[in-house]
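For reference, the structure discussed in these notes is given below.
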Amino acid sequence: MDDLHLDTLLAHLGDHEDEQTRALVPPIHLSVPFKRPSADEPGQYRYSRLANPTRALLERALELLEGGGRAVAFGSGMAAVTATAQLVPAGARVILTSEVYGNTHRLYTTILPALRIEAEFVDLRDLAALERALERPAAMVWAESPTNPSLEVVDLRAIAKLAHARGALLAVDNSIVGPYCQRPLELGADLVVESTTKYLNGHDDVLGGAVVARDPALGERLAYLQYVAGAVPSPFDCWLLLRGMKTLALRMERHQDNALRVARFLRQHPAVARVRYPGLPEDQNHPLAKRQQRGFGGMVSFETHDARTARHATERTRVFTLAGGFGGAASLIEYPATMSHASQVGTPLAVSDCLVRLSVGIEHPDDLLADLDQALRPE
């Protein structure tokens with residue numbers, strides 16, 4: 001199916017014909033143990049933590065979607081982030097983007113130091129700074145592009161080249177736009193991490209994560225971690241993900257259309273000082289995003305002139321719901337300074353207290369614009 005357009009591939013992800021019933025929709029295999037042919041022959045499946053038929057279908061679908069050699073599904077996005085970190089040996093060093101997701105920051109600053117893993121935060125937009133950081137040995141470079149929540153875009157192909165020249169792996173958290181908009185493995189990344197909770201599922205009802213490795217051997221190391229550590233998704237969640245992914249193309253096109261409308265509206269609003277959306281031609285990230293992404297996603301961030309206006313707006317919306325997360329059908333609004341990025345408050349990595357992040361959903365765009373307009377009006 002490699003010659004099919006992505007939209008067609010998505011519509012057929014997880015296609016399955018049951019040999020007995022000829023059902024086209026795959027069943028949900030809830031069994032934990034599986035009968036062995038004999039004591040010496042385990043069979044294809046023997047225990048659901050090790051492998052499950054429904055999860056195997058999901059992982060194969062993710063390999064096709066990301067263009068990778070081996071996909072490994074996890075019970076949450078952070079489980080996928082943690083498993084990727086566990087590829088790094090004790091005493092090694094990891095270079096992370098300076099604008100990193102809050103819980104990734106917590107993982108590397110409060111948990112991994114006990115395992116003697118050193119974290120250094122570098123602005124990956126500055127390739128010279130990365131090159132200087134790589135003068136000391138590093139096992140991995142961790143990138144996010146676009147970043148969360150400022151939506152800065154970094155040159156993944158250039159970062160991969162620098163990392164590989166120094167013997168480091170490049171892992172990319174791709175959750176902000178997902179594989180419909182960007183495929184980091186094609187840009188040189190060794191590992192792509194997805195919070196499948198977000199756009200891949202698209203309905204705010206599944207917690208999941210995945211890591212897809214370009215090299216199948218590296219993927220097998222992750223599969224071993226998946227089995228031993230046990231952070232696996234349930235068969236039902238795998239089945240829901242497969243169902244959600246079939247409509248990814250349709251949803252992403254609507255997310256992006258709405259996000260562009262919202263960004264254009266906010267750019268002209270008197271209460272807004274700055275809008276961040278790589279899909280705007282005037283955005284400083286637009287040329288690079290256009291070069292390495294297929295689309296621009298549904299996330300929009302903006303800064304108001306003062307923190308009071310930002311907090312006030314998040315509490316007045318009626319269509320946008322004040323909640324963490326993103327990528328679902330319904331629009332969400334978030335105040336990153338106290339929500340997703342609270343762990344960075346008081347550090348050089350802190351986000352602006354005037355910043356608001358939007359996950360733009362698939363509602364009618366006029367309702368979204370009207371809601372933001374009334375929320376941003378002075379009291």
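Residue numbering restarts at 1 for every chain of the structure tokens, chains are lettered A, B, ... in their displayed order, and ligands are numbered from 1 as they appear.
Neighbours of range 52-67 of chain A closer than or equal to 7 Å, with only C-alpha atoms counted and sequence neighbours fewer than 4 positions away skipped, come out as Leu13, Gly14, Ile28, His29, Tyr45, Ser48, Ala71, Val72, Ala73, Pro179, Arg183, Leu185, Val212, Pro235, Cys238, Trp239 and Leu242 of chain A.
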If we count only C-alpha atoms, what is near Val88 in chain A at a cut-off of 12 Å, once residues fewer than 6 positions away on the same chain are taken out, given as a PyMOL selection string? chain A and resi 81-82+94-95+108+112+115-119+138-142+168-171+218+221-222
Secondary structure check, strand (DSSP E) residues of range 114-144 of chain A, as an MDAnalysis selection string: chainID A and resid 118:122 140:144
Filtering to C-alpha atoms, could you give me those residues as an mmCIF file, in the first residue's frame?
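Printed below is out.cif as written:
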data_model
loop_
_atom_site.group_PDB
_atom_site.id
_atom_site.type_symbol
_atom_site.label_atom_id
_atom_site.label_comp_id
_atom_site.auth_asym_id
_atom_site.auth_seq_id
_atom_site.Cartn_x
_atom_site.Cartn_y
_atom_site.Cartn_z
ATOM 1 C CA GLU A 118 22.140 14.487 32.608
ATOM 2 C CA ALA A 119 19.814 16.894 30.789
ATOM 3 C CA GLU A 120 20.885 20.065 29.036
ATOM 4 C CA PHE A 121 18.305 22.440 27.577
ATOM 5 C CA VAL A 122 19.297 24.200 24.353
ATOM 6 C CA MET A 140 20.304 11.695 22.362
ATOM 7 C CA VAL A 141 18.907 14.982 21.129
ATOM 8 C CA TRP A 142 15.233 15.519 22.012
ATOM 9 C CA ALA A 143 13.329 17.918 19.760
ATOM 10 C CA GLU A 144 9.780 19.185 19.567
#
Report as a ChimeraX atom specification: the residues of range 196-377 of chain A with a DSSP assignment of helix (DSSP H, G or I), based on the backbone of this structure. /A:216-229,235-245,248-267,286-292,307-314,342-344,365-376
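Taking only C-alpha atoms, the non-local environment of range 156-164 of chain A within 9 Å (same-chain residues fewer than 6 positions away omitted) comprises Leu124, Leu127, Leu130, Glu131, Leu134, Ala138, Met140, Val141, Ala143, Ser145, Leu170, Val172, Pro184, Glu186, Leu187, Gly188, Ala189, Asp190 and Gln292 of chain A.
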Could you write out that same residue set with C-alpha atoms as a short mmCIF file (atom, residue, chain, number, x, y, z; two decimals), in the first residue's frame?
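out07.cif, written as the output of this step:
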data_model
loop_
_atom_site.label_atom_id
_atom_site.label_comp_id
_atom_site.auth_asym_id
_atom_site.auth_seq_id
_atom_site.Cartn_x
_atom_site.Cartn_y
_atom_site.Cartn_z
CA LEU A 124 17.38 24.15 18.96
CA LEU A 127 22.12 25.37 15.30
CA LEU A 130 23.44 22.84 19.39
CA GLU A 131 26.79 22.25 17.72
CA LEU A 134 27.35 18.41 21.06
CA ALA A 138 25.48 13.10 24.16
CA MET A 140 20.30 11.69 22.36
CA VAL A 141 18.91 14.98 21.13
CA ALA A 143 13.33 17.92 19.76
CA SER A 145 8.62 20.89 16.39
CA LEU A 170 17.48 12.23 17.33
CA VAL A 172 11.20 14.04 17.93
CA PRO A 184 10.07 13.29 11.22
CA GLU A 186 11.68 11.17 6.64
CA LEU A 187 13.61 14.22 7.86
CA GLY A 188 16.33 12.14 9.48
CA ALA A 189 14.95 11.45 12.98
CA ASP A 190 15.69 8.06 14.51
CA GLN A 292 9.26 20.27 6.26
#
One decimal, in Å: what's the spacing between CA of Leu24 in chain A and CA of Ala11 in chain A?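 So the answer is 12.7 Å.
CA of Leu358 in chain A is positioned 11.0 Å from CA of Val275 in chain A.
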Hey, what's within 10 Å of Ala217 in chain A if we count only C-alpha atoms and toss same-chain stuff fewer than 5 positions away? As an mmCIF file with N, CA and C atoms, in the first residue's frame, please?
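Output file part_3.cif follows:
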data_model
loop_
_atom_site.group_PDB
_atom_site.id
_atom_site.type_symbol
_atom_site.label_atom_id
_atom_site.label_comp_id
_atom_site.auth_asym_id
_atom_site.auth_seq_id
_atom_site.Cartn_x
_atom_site.Cartn_y
_atom_site.Cartn_z
ATOM 1 N N GLY A 69 10.195 1.622 10.777
ATOM 2 C CA GLY A 69 10.508 0.204 10.742
ATOM 3 C C GLY A 69 9.870 -0.596 11.847
ATOM 4 N N ARG A 70 9.586 0.052 12.993
ATOM 5 C CA ARG A 70 8.971 -0.672 14.117
ATOM 6 C C ARG A 70 8.256 0.327 15.007
ATOM 7 N N LEU A 222 12.747 -1.036 22.262
ATOM 8 C CA LEU A 222 11.572 -0.395 22.859
ATOM 9 C C LEU A 222 10.489 -1.415 23.186
ATOM 10 N N ALA A 223 10.320 -2.405 22.309
ATOM 11 C CA ALA A 223 9.320 -3.440 22.560
ATOM 12 C C ALA A 223 9.662 -4.228 23.822
#
Nearest residue to Tyr199 in chain A from the set A:Thr247, A:Gln226, A:Gln293, A:Thr8 (distances using only C-alpha atoms):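 Counting only C-alpha atoms, the residue closest to Tyr199 in chain A is A:Thr247.
The shortest atom-to-atom distance to Pro146 in chain A, with only C-alpha atoms taken into account, belongs to A:His286 out of A:His286, A:Arg243, A:Arg106, A:His269.
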Give me the residues near Val153 in chain A as a PDB file with N, CA, C and O atoms, in the first residue's frame, where near means some atom within 8 Å (using only C-alpha atoms) and where sequence neighbours in that chain fewer than 3 positions away do not count.
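Contents of around-v1.pdb, freshly written:
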ATOM      1  N   ARG A 125      16.572  26.141  17.799  1.00  0.00           N
ATOM      2  CA  ARG A 125      16.537  27.026  16.631  1.00  0.00           C
ATOM      3  C   ARG A 125      17.931  27.542  16.305  1.00  0.00           C
ATOM      4  O   ARG A 125      18.212  27.926  15.168  1.00  0.00           O
ATOM      5  N   SER A 145       8.831  19.924  17.469  1.00  0.00           N
ATOM      6  CA  SER A 145       8.624  20.894  16.386  1.00  0.00           C
ATOM      7  C   SER A 145       7.279  20.613  15.716  1.00  0.00           C
ATOM      8  O   SER A 145       7.078  19.515  15.184  1.00  0.00           O
ATOM      9  N   PRO A 146       6.371  21.583  15.761  1.00  0.00           N
ATOM     10  CA  PRO A 146       6.437  22.842  16.494  1.00  0.00           C
ATOM     11  C   PRO A 146       6.480  22.605  18.005  1.00  0.00           C
ATOM     12  O   PRO A 146       6.016  21.579  18.490  1.00  0.00           O
ATOM     13  N   THR A 147       7.028  23.604  18.726  1.00  0.00           N
ATOM     14  CA  THR A 147       7.151  23.467  20.164  1.00  0.00           C
ATOM     15  C   THR A 147       5.807  23.739  20.834  1.00  0.00           C
ATOM     16  O   THR A 147       4.896  24.310  20.244  1.00  0.00           O
ATOM     17  N   PRO A 278       2.252  28.791  12.612  1.00  0.00           N
ATOM     18  CA  PRO A 278       3.139  28.653  11.449  1.00  0.00           C
ATOM     19  C   PRO A 278       2.427  28.681  10.108  1.00  0.00           C
ATOM     20  O   PRO A 278       3.073  28.874   9.072  1.00  0.00           O
ATOM     21  N   ASN A 285       8.077  31.427  11.409  1.00  0.00           N
ATOM     22  CA  ASN A 285       8.313  29.996  11.240  1.00  0.00           C
ATOM     23  C   ASN A 285       7.732  29.437   9.939  1.00  0.00           C
ATOM     24  O   ASN A 285       7.948  28.274   9.623  1.00  0.00           O
ATOM     25  N   LEU A 288      10.116  27.635   7.046  1.00  0.00           N
ATOM     26  CA  LEU A 288      10.641  26.329   7.446  1.00  0.00           C
ATOM     27  C   LEU A 288       9.520  25.318   7.608  1.00  0.00           C
ATOM     28  O   LEU A 288       9.638  24.162   7.174  1.00  0.00           O
ATOM     29  N   ALA A 289       8.413  25.734   8.231  1.00  0.00           N
ATOM     30  CA  ALA A 289       7.283  24.818   8.394  1.00  0.00           C
ATOM     31  C   ALA A 289       6.750  24.355   7.046  1.00  0.00           C
ATOM     32  O   ALA A 289       6.421  23.179   6.852  1.00  0.00           O
TER      33      ALA A 289
END
Applying 12 Å and only C-alpha atoms, which residues near Thr317 in chain A remain after dropping the ones on its own chain fewer than 6 positions away? List them as number ranges by chain. A: 310-311, 323, 331-334, 358, 367-377
Filtering to all heavy atoms, could you give me those residues as a short mmCIF file (atom, residue, chain, number, x, y, z; two decimals), in the first residue's frame?
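As a result, selection-v8.cif now contains:
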data_model
loop_
_atom_site.label_atom_id
_atom_site.label_comp_id
_atom_site.auth_asym_id
_atom_site.auth_seq_id
_atom_site.Cartn_x
_atom_site.Cartn_y
_atom_site.Cartn_z
N ALA A 310 -5.20 37.79 29.56
CA ALA A 310 -5.05 36.40 29.16
C ALA A 310 -5.85 35.48 30.08
O ALA A 310 -6.61 34.62 29.62
CB ALA A 310 -3.57 36.02 29.17
N ARG A 311 -5.67 35.62 31.37
CA ARG A 311 -6.39 34.76 32.33
C ARG A 311 -7.90 35.01 32.23
O ARG A 311 -8.70 34.06 32.29
CB ARG A 311 -5.91 35.04 33.75
CG ARG A 311 -4.46 34.64 34.00
CD ARG A 311 -4.10 34.88 35.46
NE ARG A 311 -4.82 33.95 36.32
CZ ARG A 311 -4.24 32.91 36.93
NH1 ARG A 311 -2.96 32.67 36.78
NH2 ARG A 311 -4.95 32.13 37.70
N ALA A 323 -9.38 23.59 29.54
CA ALA A 323 -8.96 22.22 29.88
C ALA A 323 -7.60 21.95 29.25
O ALA A 323 -7.22 22.56 28.25
CB ALA A 323 -9.98 21.19 29.38
N SER A 331 -13.04 22.38 20.68
CA SER A 331 -11.97 23.34 20.93
C SER A 331 -11.69 23.50 22.42
O SER A 331 -12.62 23.52 23.24
CB SER A 331 -12.33 24.69 20.33
OG SER A 331 -12.39 24.62 18.92
N LEU A 332 -10.39 23.65 22.75
CA LEU A 332 -9.96 23.84 24.13
C LEU A 332 -9.13 25.12 24.22
O LEU A 332 -8.48 25.52 23.26
CB LEU A 332 -9.12 22.66 24.62
CG LEU A 332 -9.75 21.27 24.57
CD1 LEU A 332 -8.77 20.23 25.10
CD2 LEU A 332 -11.06 21.22 25.36
N ILE A 333 -9.14 25.72 25.39
CA ILE A 333 -8.30 26.89 25.67
C ILE A 333 -7.51 26.59 26.93
O ILE A 333 -8.01 25.96 27.86
CB ILE A 333 -9.16 28.17 25.81
CG1 ILE A 333 -8.28 29.42 25.87
CG2 ILE A 333 -10.10 28.09 27.00
CD1 ILE A 333 -9.08 30.73 25.71
N GLU A 334 -6.24 27.04 26.95
CA GLU A 334 -5.37 26.71 28.08
C GLU A 334 -4.50 27.91 28.44
O GLU A 334 -4.11 28.69 27.57
CB GLU A 334 -4.48 25.52 27.72
CG GLU A 334 -3.61 25.05 28.88
CD GLU A 334 -2.56 24.04 28.44
OE1 GLU A 334 -1.64 24.42 27.69
OE2 GLU A 334 -2.65 22.90 28.88
N LEU A 358 -4.51 27.65 22.21
CA LEU A 358 -5.79 27.15 21.71
C LEU A 358 -5.60 25.83 20.97
O LEU A 358 -4.69 25.71 20.15
CB LEU A 358 -6.44 28.15 20.76
CG LEU A 358 -6.68 29.57 21.26
CD1 LEU A 358 -7.22 30.43 20.12
CD2 LEU A 358 -7.65 29.56 22.44
N ASP A 367 -18.61 30.43 14.98
CA ASP A 367 -18.86 30.30 16.42
C ASP A 367 -17.57 30.45 17.21
O ASP A 367 -17.56 31.03 18.31
CB ASP A 367 -19.51 28.96 16.72
CG ASP A 367 -20.90 28.83 16.13
OD1 ASP A 367 -21.59 29.86 16.01
OD2 ASP A 367 -21.30 27.71 15.77
N LEU A 368 -16.48 29.94 16.67
CA LEU A 368 -15.19 30.06 17.36
C LEU A 368 -14.74 31.51 17.43
O LEU A 368 -14.28 31.99 18.47
CB LEU A 368 -14.14 29.21 16.64
CG LEU A 368 -14.40 27.70 16.59
CD1 LEU A 368 -13.33 27.00 15.76
CD2 LEU A 368 -14.45 27.12 17.99
N LEU A 369 -14.89 32.23 16.32
CA LEU A 369 -14.47 33.63 16.29
C LEU A 369 -15.32 34.49 17.21
O LEU A 369 -14.80 35.36 17.94
CB LEU A 369 -14.52 34.18 14.86
CG LEU A 369 -13.71 33.43 13.80
CD1 LEU A 369 -13.72 34.20 12.48
CD2 LEU A 369 -12.29 33.17 14.26
N ALA A 370 -16.61 34.26 17.20
CA ALA A 370 -17.50 35.04 18.07
C ALA A 370 -17.19 34.78 19.53
O ALA A 370 -17.22 35.69 20.37
CB ALA A 370 -18.96 34.70 17.76
N ASP A 371 -16.86 33.53 19.86
CA ASP A 371 -16.56 33.18 21.24
C ASP A 371 -15.29 33.87 21.71
O ASP A 371 -15.23 34.44 22.81
CB ASP A 371 -16.41 31.66 21.36
CG ASP A 371 -16.32 31.19 22.80
OD1 ASP A 371 -16.99 31.79 23.66
OD2 ASP A 371 -15.57 30.22 23.06
N LEU A 372 -14.25 33.86 20.89
CA LEU A 372 -13.00 34.52 21.26
C LEU A 372 -13.19 36.03 21.37
O LEU A 372 -12.63 36.68 22.26
CB LEU A 372 -11.91 34.18 20.25
CG LEU A 372 -11.40 32.73 20.28
CD1 LEU A 372 -10.51 32.46 19.09
CD2 LEU A 372 -10.66 32.45 21.58
N ASP A 373 -13.98 36.58 20.48
CA ASP A 373 -14.21 38.03 20.50
C ASP A 373 -14.86 38.46 21.81
O ASP A 373 -14.41 39.42 22.45
CB ASP A 373 -15.07 38.43 19.31
CG ASP A 373 -15.19 39.93 19.16
OD1 ASP A 373 -14.18 40.64 19.40
OD2 ASP A 373 -16.27 40.42 18.79
N GLN A 374 -15.91 37.76 22.23
CA GLN A 374 -16.57 38.16 23.47
C GLN A 374 -15.68 37.91 24.69
O GLN A 374 -15.71 38.66 25.66
CB GLN A 374 -17.93 37.46 23.61
CG GLN A 374 -17.90 35.93 23.76
CD GLN A 374 -17.64 35.46 25.18
OE1 GLN A 374 -17.93 36.20 26.12
NE2 GLN A 374 -17.08 34.27 25.29
N ALA A 375 -14.84 36.86 24.62
CA ALA A 375 -13.97 36.55 25.77
C ALA A 375 -12.86 37.58 25.93
O ALA A 375 -12.38 37.81 27.05
CB ALA A 375 -13.36 35.17 25.60
N LEU A 376 -12.46 38.22 24.84
CA LEU A 376 -11.35 39.17 24.88
C LEU A 376 -11.80 40.61 25.10
O LEU A 376 -10.97 41.51 25.22
CB LEU A 376 -10.54 39.08 23.58
CG LEU A 376 -9.65 37.85 23.44
CD1 LEU A 376 -9.21 37.67 21.99
CD2 LEU A 376 -8.44 37.94 24.36
N ARG A 377 -13.10 40.81 25.16
CA ARG A 377 -13.58 42.19 25.40
C ARG A 377 -13.24 42.63 26.82
O ARG A 377 -13.26 41.83 27.76
CB ARG A 377 -15.10 42.25 25.22
CG ARG A 377 -15.56 42.11 23.79
CD ARG A 377 -17.06 42.09 23.72
NE ARG A 377 -17.53 41.66 22.40
CZ ARG A 377 -18.73 41.14 22.18
NH1 ARG A 377 -19.58 41.01 23.17
NH2 ARG A 377 -19.07 40.77 20.96
#
Nearest to Ser352 in chain A among A:Met299, A:Ala307, A:Leu248, A:Val272, with distances taken over only C-alpha atoms: which residue is it?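 Once distances to Ser352 in chain A are computed over only C-alpha atoms, the minimum belongs to A:Ala307.
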Could you make a table, as CSV, of the residues of range 278-306 of chain A that have an atom within 12 Å of an atom of range 261-268 of chain A, each with its nearest atom pair and distance in Å to one decimal, counting only C-alpha atoms, in chain and number order?
residue,atom,partner,partner_atom,distance
A:Pro278,CA,A:Ala263,CA,9.6
A:Gly279,CA,A:Ala263,CA,8.6
A:Leu280,CA,A:Ala263,CA,7.4
A:Pro281,CA,A:Arg264,CA,10.4
A:Glu282,CA,A:Arg264,CA,10.6
A:Asp283,CA,A:Ala263,CA,10.4
A:Phe296,CA,A:Ala263,CA,11.7
A:Gly297,CA,A:Ala263,CA,11.9
A:Gly298,CA,A:Val262,CA,9.8
A:Met299,CA,A:Ala263,CA,9.5
A:Val300,CA,A:Ala263,CA,6.6
A:Ser301,CA,A:Ala263,CA,8.4
A:Phe302,CA,A:Leu266,CA,7.7
A:Glu303,CA,A:Leu266,CA,9.7
A:Thr304,CA,A:Leu266,CA,10.0
Once you have the residues from the selection above, write them out as a PDB file, in the first residue's frame, restricted to N, CA and C atoms.
ATOM      1  N   PRO A 278       2.252  28.791  12.612  1.00  0.00           N
ATOM      2  CA  PRO A 278       3.139  28.653  11.449  1.00  0.00           C
ATOM      3  C   PRO A 278       2.427  28.681  10.108  1.00  0.00           C
ATOM      4  N   GLY A 279       1.104  28.532  10.107  1.00  0.00           N
ATOM      5  CA  GLY A 279       0.359  28.589   8.852  1.00  0.00           C
ATOM      6  C   GLY A 279       0.147  29.993   8.324  1.00  0.00           C
ATOM      7  N   LEU A 280       0.386  31.010   9.155  1.00  0.00           N
ATOM      8  CA  LEU A 280       0.295  32.398   8.681  1.00  0.00           C
ATOM      9  C   LEU A 280       1.522  32.713   7.840  1.00  0.00           C
ATOM     10  N   PRO A 281       1.355  33.190   6.624  1.00  0.00           N
ATOM     11  CA  PRO A 281       2.520  33.489   5.776  1.00  0.00           C
ATOM     12  C   PRO A 281       3.501  34.456   6.419  1.00  0.00           C
ATOM     13  N   GLU A 282       3.018  35.370   7.259  1.00  0.00           N
ATOM     14  CA  GLU A 282       3.907  36.348   7.886  1.00  0.00           C
ATOM     15  C   GLU A 282       4.577  35.811   9.156  1.00  0.00           C
ATOM     16  N   ASP A 283       4.182  34.630   9.620  1.00  0.00           N
ATOM     17  CA  ASP A 283       4.817  34.050  10.800  1.00  0.00           C
ATOM     18  C   ASP A 283       6.274  33.725  10.482  1.00  0.00           C
ATOM     19  N   PHE A 296      -0.115  22.516   8.797  1.00  0.00           N
ATOM     20  CA  PHE A 296       0.297  23.373   9.906  1.00  0.00           C
ATOM     21  C   PHE A 296      -0.417  23.049  11.216  1.00  0.00           C
ATOM     22  N   GLY A 297      -1.339  22.104  11.206  1.00  0.00           N
ATOM     23  CA  GLY A 297      -1.971  21.674  12.441  1.00  0.00           C
ATOM     24  C   GLY A 297      -3.063  22.602  12.932  1.00  0.00           C
ATOM     25  N   GLY A 298      -3.611  22.252  14.101  1.00  0.00           N
ATOM     26  CA  GLY A 298      -4.754  22.980  14.642  1.00  0.00           C
ATOM     27  C   GLY A 298      -4.465  23.744  15.919  1.00  0.00           C
ATOM     28  N   MET A 299      -3.182  23.950  16.249  1.00  0.00           N
ATOM     29  CA  MET A 299      -2.827  24.661  17.469  1.00  0.00           C
ATOM     30  C   MET A 299      -2.479  26.121  17.146  1.00  0.00           C
ATOM     31  N   VAL A 300      -3.036  27.027  17.921  1.00  0.00           N
ATOM     32  CA  VAL A 300      -2.755  28.459  17.791  1.00  0.00           C
ATOM     33  C   VAL A 300      -2.438  28.990  19.185  1.00  0.00           C
ATOM     34  N   SER A 301      -1.369  29.773  19.292  1.00  0.00           N
ATOM     35  CA  SER A 301      -1.055  30.454  20.543  1.00  0.00           C
ATOM     36  C   SER A 301      -1.067  31.957  20.307  1.00  0.00           C
ATOM     37  N   PHE A 302      -1.431  32.703  21.338  1.00  0.00           N
ATOM     38  CA  PHE A 302      -1.391  34.160  21.205  1.00  0.00           C
ATOM     39  C   PHE A 302      -1.049  34.789  22.548  1.00  0.00           C
ATOM     40  N   GLU A 303      -0.502  35.979  22.483  1.00  0.00           N
ATOM     41  CA  GLU A 303      -0.169  36.742  23.685  1.00  0.00           C
ATOM     42  C   GLU A 303      -1.021  38.000  23.736  1.00  0.00           C
ATOM     43  N   THR A 304      -1.554  38.269  24.900  1.00  0.00           N
ATOM     44  CA  THR A 304      -2.292  39.513  25.124  1.00  0.00           C
ATOM     45  C   THR A 304      -1.321  40.570  25.655  1.00  0.00           C
TER      46      THR A 304
END
How many Å separate CA of Pro27 in chain A from CA of Asp237 in chain A?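 Answer for the CA of Pro27 in chain A to CA of Asp237 in chain A separation: 12.3 Å.
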